[in-house]
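Working notes for the structure below.
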Amino acid sequence: MAKIVSIHSYRGGTGKSNLTANLATAIALQGNRVAVIDTDIPSPGIHVIFGLDDQKIDKTLNDYLWGRCTIADAAYNVTPPSSNPSGGQVFLVPSSVNADEIARILNQGYDFRLLNDGLRQLVRQLEIDYLLIDTHPGLNKETLLSIAVSNLVLLILRPDQQDFQGTAVTVDVARQLDARQMLLIVNKVLSSMDQNALREQVTQTYKVPVAGVFTLSEEMIYLASNGIFFLRYPDHPFSQELRRVVAHVIG
């Protein structure tokens with residue numbers, strides 16, 4: 001049985017997609033088959049981090065939702081070469097970056113039950129061990145569905161008052177939906193901040209365990225989403241903290 005993990009943030013700009021891509025890669029390096037589905041349909045972009053060229057994407061999540069293909073047809077093998085020795089693989093179902101496709105979804109919506117069916121089909125057809133859902137920020141029907149079907153919800157926030165307030169709302173909603181497990185990740189923390197004190201503050205505020213605290217990294221900024229940070233800098237403090245998050249996810 002695959003483990004379904006929703007990775008969510010109340011606001012944009014938290015580094016959610018970067019963390020999702022790096023987490024998927026780190027899990028695959030342990031010999032697992034991992035699928036990532038980009039349900040951030042209004043503003044897709046995680047395919048860039050995986051190095052998947054827009055011009056080579058001929059099927060997307062949008063095509064599945066409109067009945068043009070199966071969801072497995074829209075899954076691309078984005079396994080980094082360094083993951084192969086472990087036997088792990090990463091598959092990505094991207095959303096369309098075509099303006100007309102985005103506008104159609106925004107104007108017409110889509111059948112959320114179809115997305116739920118697609119998640120299960122993807123797991124079965126590709127024999128997935130871990131399915132990571134990169135959600136759209138905020139709270140909408142897609143977010144609620146993702147939380148409802150997930151074994152684990154990872155909520156990402158920054159040390160920012162708007163993020164704190166928005167995360168409180170998200171945690172409350174997740175509890176009302178009987179989320180099976182929640183973990184928090186605090187990202188883009190200034191190096192001058194006391195990480196232990198911040199971890200304790202966040203844990204006590206939300207009564208949810210903190211799986212990781214990531215310091216704002218100049219190397220991450222310089223990389224500018226051009227690849228998987230975990231592979232480029234395996235000994236970096238970010239990568240060391242990511243391994244601790246992986247232990248929470250697969251534990």
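Labeling convention for the structure tokens: chains A, B, ... as they appear, residues from 1 per chain, ligands from 1 in order of appearance.
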
Using only C-alpha atoms, find each residue of segment 167-220 of chain A with at least one atom at most 12 Å away from an atom of segment 15-35 of chain A; report its shortest atom-to-atom pair and that distance in Å (one decimal), sort the rows by chain and rising residue number, and return the result as CSV.
```
residue,atom,partner,partner_atom,distance
A:Leu184,CA,A:Lys16,CA,11.9
A:Ile185,CA,A:Leu19,CA,9.6
A:Val186,CA,A:Gly15,CA,10.1
A:Asn187,CA,A:Gly15,CA,7.2
A:Lys188,CA,A:Gly15,CA,7.9
A:Val189,CA,A:Gly15,CA,11.6
A:Gly212,CA,A:Leu19,CA,10.9
A:Val213,CA,A:Leu19,CA,11.7
A:Phe214,CA,A:Leu19,CA,10.0
A:Thr215,CA,A:Gly15,CA,11.7
A:Leu216,CA,A:Gly15,CA,10.2
A:Ser217,CA,A:Gly15,CA,11.4
A:Met220,CA,A:Asn18,CA,9.3
```

List every residue of segment 32-148 of chain A that has an atom at most 10 Å from any atom of segment 153-162 of chain A, and for each one report the closest atom pair and its distance in Å to one decimal, counting only C-alpha atoms, with rows sorted by chain and then by increasing residue number, as JSON lines.
```
{"residue": "A:Leu132", "atom": "CA", "partner": "A:Val153", "partner_atom": "CA", "distance": 9.8}
{"residue": "A:Ile133", "atom": "CA", "partner": "A:Val153", "partner_atom": "CA", "distance": 9.5}
{"residue": "A:Ser146", "atom": "CA", "partner": "A:Val153", "partner_atom": "CA", "distance": 8.6}
{"residue": "A:Ile147", "atom": "CA", "partner": "A:Val153", "partner_atom": "CA", "distance": 6.5}
{"residue": "A:Ala148", "atom": "CA", "partner": "A:Val153", "partner_atom": "CA", "distance": 9.4}
```

Could you write those residues out with all heavy atoms, as an mmCIF file, in the first residue's frame?
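Once written, result-v1.cif looks like this:
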```
data_model
loop_
_atom_site.group_PDB
_atom_site.id
_atom_site.type_symbol
_atom_site.label_atom_id
_atom_site.label_comp_id
_atom_site.auth_asym_id
_atom_site.auth_seq_id
_atom_site.Cartn_x
_atom_site.Cartn_y
_atom_site.Cartn_z
ATOM 1 N N LEU A 132 3.585 11.852 -3.619
ATOM 2 C CA LEU A 132 3.674 13.198 -3.056
ATOM 3 C C LEU A 132 2.809 14.140 -3.884
ATOM 4 O O LEU A 132 2.946 14.216 -5.103
ATOM 5 C CB LEU A 132 5.127 13.695 -3.060
ATOM 6 C CG LEU A 132 6.033 13.275 -1.889
ATOM 7 C CD1 LEU A 132 6.046 11.775 -1.683
ATOM 8 C CD2 LEU A 132 7.441 13.819 -2.079
ATOM 9 N N ILE A 133 1.909 14.848 -3.214
ATOM 10 C CA ILE A 133 1.020 15.792 -3.880
ATOM 11 C C ILE A 133 1.503 17.207 -3.588
ATOM 12 O O ILE A 133 1.472 17.670 -2.446
ATOM 13 C CB ILE A 133 -0.430 15.623 -3.397
ATOM 14 C CG1 ILE A 133 -0.900 14.173 -3.561
ATOM 15 C CG2 ILE A 133 -1.355 16.571 -4.162
ATOM 16 C CD1 ILE A 133 -2.276 13.910 -2.957
ATOM 17 N N SER A 146 -7.027 16.623 -1.107
ATOM 18 C CA SER A 146 -5.678 16.105 -0.871
ATOM 19 C C SER A 146 -5.482 15.730 0.588
ATOM 20 O O SER A 146 -4.930 14.674 0.912
ATOM 21 C CB SER A 146 -4.633 17.142 -1.289
ATOM 22 O OG SER A 146 -4.715 17.425 -2.669
ATOM 23 N N ILE A 147 -5.943 16.603 1.483
ATOM 24 C CA ILE A 147 -5.816 16.327 2.913
ATOM 25 C C ILE A 147 -6.612 15.081 3.285
ATOM 26 O O ILE A 147 -6.147 14.214 4.036
ATOM 27 C CB ILE A 147 -6.283 17.539 3.739
ATOM 28 C CG1 ILE A 147 -5.291 18.708 3.580
ATOM 29 C CG2 ILE A 147 -6.433 17.173 5.214
ATOM 30 C CD1 ILE A 147 -5.745 19.996 4.231
ATOM 31 N N ALA A 148 -7.813 14.976 2.720
ATOM 32 C CA ALA A 148 -8.703 13.875 3.079
ATOM 33 C C ALA A 148 -8.150 12.513 2.670
ATOM 34 O O ALA A 148 -8.366 11.515 3.362
ATOM 35 C CB ALA A 148 -10.081 14.097 2.467
#
```

Which parts of segment 135-245 of chain A does DSSP call strand (DSSP E or B) when run on the backbone here, written out as a short mmCIF file (atom, residue, chain, number, x, y, z; two decimals) with all heavy atoms, in the first residue's frame?
```
data_model
loop_
_atom_site.label_atom_id
_atom_site.label_comp_id
_atom_site.auth_asym_id
_atom_site.auth_seq_id
_atom_site.Cartn_x
_atom_site.Cartn_y
_atom_site.Cartn_z
N LEU A 152 -0.40 11.37 5.29
CA LEU A 152 0.42 12.36 5.98
C LEU A 152 0.27 13.70 5.29
O LEU A 152 0.31 13.78 4.06
CB LEU A 152 1.89 11.92 5.98
CG LEU A 152 2.94 12.94 6.43
CD1 LEU A 152 2.75 13.31 7.90
CD2 LEU A 152 4.35 12.40 6.21
N VAL A 153 0.11 14.76 6.09
CA VAL A 153 0.06 16.13 5.57
C VAL A 153 1.28 16.87 6.11
O VAL A 153 1.46 16.98 7.33
CB VAL A 153 -1.23 16.86 5.98
CG1 VAL A 153 -1.23 18.29 5.45
CG2 VAL A 153 -2.46 16.10 5.50
N LEU A 154 2.13 17.35 5.20
CA LEU A 154 3.27 18.18 5.56
C LEU A 154 2.90 19.64 5.31
O LEU A 154 2.63 20.02 4.18
CB LEU A 154 4.51 17.82 4.73
CG LEU A 154 5.24 16.52 5.05
CD1 LEU A 154 6.41 16.34 4.08
CD2 LEU A 154 5.75 16.52 6.48
N LEU A 155 2.88 20.44 6.35
CA LEU A 155 2.54 21.85 6.22
C LEU A 155 3.81 22.68 6.35
O LEU A 155 4.54 22.57 7.34
CB LEU A 155 1.54 22.27 7.31
CG LEU A 155 0.17 21.58 7.26
CD1 LEU A 155 -0.68 22.03 8.45
CD2 LEU A 155 -0.54 21.89 5.95
N ILE A 156 4.06 23.50 5.34
CA ILE A 156 5.28 24.31 5.30
C ILE A 156 4.94 25.76 5.61
O ILE A 156 3.98 26.32 5.06
CB ILE A 156 5.95 24.21 3.91
CG1 ILE A 156 6.28 22.74 3.60
CG2 ILE A 156 7.22 25.05 3.86
CD1 ILE A 156 6.79 22.51 2.20
N LEU A 157 5.72 26.36 6.47
CA LEU A 157 5.52 27.76 6.82
C LEU A 157 6.86 28.43 7.01
O LEU A 157 7.87 27.78 7.23
CB LEU A 157 4.67 27.90 8.09
CG LEU A 157 5.30 27.43 9.41
CD1 LEU A 157 4.69 28.20 10.58
CD2 LEU A 157 5.07 25.94 9.63
N MET A 182 -0.13 14.80 10.80
CA MET A 182 0.38 16.08 10.34
C MET A 182 1.77 16.32 10.88
O MET A 182 2.08 15.96 12.02
CB MET A 182 -0.53 17.23 10.81
CG MET A 182 -1.72 17.51 9.94
SD MET A 182 -2.58 19.04 10.45
CE MET A 182 -3.32 18.52 12.00
N LEU A 183 2.61 16.94 10.05
CA LEU A 183 3.93 17.39 10.48
C LEU A 183 4.14 18.79 9.92
O LEU A 183 3.64 19.12 8.85
CB LEU A 183 5.03 16.45 9.95
CG LEU A 183 5.07 15.03 10.50
CD1 LEU A 183 6.09 14.20 9.72
CD2 LEU A 183 5.43 15.03 11.99
N LEU A 184 4.90 19.59 10.65
CA LEU A 184 5.21 20.95 10.20
C LEU A 184 6.67 21.04 9.77
O LEU A 184 7.55 20.36 10.31
CB LEU A 184 4.96 21.95 11.33
CG LEU A 184 3.52 22.10 11.81
CD1 LEU A 184 3.47 23.01 13.03
CD2 LEU A 184 2.63 22.64 10.71
N ILE A 185 6.91 21.88 8.77
CA ILE A 185 8.26 22.20 8.33
C ILE A 185 8.38 23.72 8.30
O ILE A 185 7.56 24.40 7.67
CB ILE A 185 8.57 21.63 6.94
CG1 ILE A 185 8.60 20.10 6.98
CG2 ILE A 185 9.89 22.17 6.40
CD1 ILE A 185 8.80 19.45 5.63
N VAL A 186 9.38 24.23 9.00
CA VAL A 186 9.62 25.68 9.00
C VAL A 186 10.77 25.94 8.04
O VAL A 186 11.87 25.39 8.20
CB VAL A 186 9.96 26.19 10.41
CG1 VAL A 186 9.97 27.73 10.42
CG2 VAL A 186 8.96 25.67 11.44
N ASN A 187 10.53 26.77 7.04
CA ASN A 187 11.51 26.99 5.98
C ASN A 187 11.92 28.47 5.93
O ASN A 187 11.21 29.35 6.43
CB ASN A 187 10.91 26.57 4.64
CG ASN A 187 11.97 26.39 3.56
OD1 ASN A 187 13.14 26.14 3.86
ND2 ASN A 187 11.58 26.52 2.31
N LYS A 188 13.07 28.69 5.33
CA LYS A 188 13.60 30.05 5.12
C LYS A 188 13.80 30.80 6.43
O LYS A 188 13.45 31.98 6.57
CB LYS A 188 12.69 30.84 4.17
CG LYS A 188 12.57 30.19 2.79
CD LYS A 188 11.80 31.06 1.83
CE LYS A 188 11.74 30.43 0.44
NZ LYS A 188 11.03 31.27 -0.54
N VAL A 189 14.38 30.10 7.39
CA VAL A 189 14.67 30.68 8.70
C VAL A 189 16.02 31.40 8.64
O VAL A 189 17.00 30.86 8.11
CB VAL A 189 14.71 29.58 9.77
CG1 VAL A 189 15.11 30.15 11.13
CG2 VAL A 189 13.37 28.86 9.84
N VAL A 210 7.23 19.19 14.70
CA VAL A 210 8.01 19.85 13.65
C VAL A 210 9.02 18.85 13.12
O VAL A 210 9.90 18.38 13.85
CB VAL A 210 8.72 21.11 14.19
CG1 VAL A 210 9.64 21.70 13.12
CG2 VAL A 210 7.70 22.14 14.65
N ALA A 211 8.90 18.51 11.83
CA ALA A 211 9.79 17.52 11.23
C ALA A 211 11.12 18.11 10.80
O ALA A 211 12.12 17.40 10.71
CB ALA A 211 9.12 16.87 10.03
N GLY A 212 11.14 19.43 10.51
CA GLY A 212 12.38 20.04 10.05
C GLY A 212 12.34 21.55 10.13
O GLY A 212 11.28 22.16 10.00
N VAL A 213 13.50 22.12 10.37
CA VAL A 213 13.68 23.58 10.35
C VAL A 213 14.83 23.87 9.40
O VAL A 213 15.96 23.42 9.62
CB VAL A 213 13.98 24.14 11.75
CG1 VAL A 213 14.23 25.65 11.67
CG2 VAL A 213 12.84 23.85 12.72
N PHE A 214 14.55 24.61 8.32
CA PHE A 214 15.54 24.85 7.27
C PHE A 214 15.95 26.32 7.26
O PHE A 214 15.10 27.22 7.15
CB PHE A 214 14.97 24.47 5.91
CG PHE A 214 14.76 23.00 5.73
CD1 PHE A 214 13.57 22.41 6.12
CD2 PHE A 214 15.75 22.21 5.18
CE1 PHE A 214 13.36 21.04 5.96
CE2 PHE A 214 15.57 20.85 5.01
CZ PHE A 214 14.37 20.25 5.41
N THR A 215 17.24 26.53 7.37
CA THR A 215 17.78 27.89 7.32
C THR A 215 17.79 28.40 5.89
O THR A 215 18.04 27.65 4.94
CB THR A 215 19.22 27.90 7.88
OG1 THR A 215 19.22 27.39 9.20
CG2 THR A 215 19.79 29.32 7.89
#
```

**OP:** Give the answer as one residue: which of A:Val173, A:Ala99, A:Ile57, A:Leu119 has the shortest atom-to-atom distance to Leu131 of chain A, using only C-alpha atoms?
**Re:**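 So, comparing all the options, the nearest one is A:Leu119.
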
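With atom CA of Arg180 of chain A on one side and atom CA of Ser150 of chain A on the other, the separation reads 7.4 Å.
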
Subject >> Surrounding residues of Leu65 of chain A excluding itself and chain neighbours under 3 positions, 8 Å, only C-alpha atoms, as a count of residues only >> reply: 7

Original post:
Could you state the separation of atom CA of Tyr130 of chain A and atom CA of Ile4 of chain A in Å, given to one decimal place?
Top reply: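 Interatomic distance here is 6.0 Å.
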
Original post:
If you run DSSP on this backbone, which residues of segment 32-122 of chain A come out as helix (DSSP H, G or I), and could you give them as a PyMOL selection string?
Top reply: chain A and resi 46-49+54-56+61-65+72-74+81-86+99-108+112-122

Original post:
In terms of the shortest atom-to-atom distance over only C-alpha atoms, which of A:Ala74, A:Leu145, A:Ile41, A:Val48 is closest to Asp178 of chain A?
Top reply: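 Ranked by minimum distance to Asp178 of chain A, first place goes to A:Leu145.
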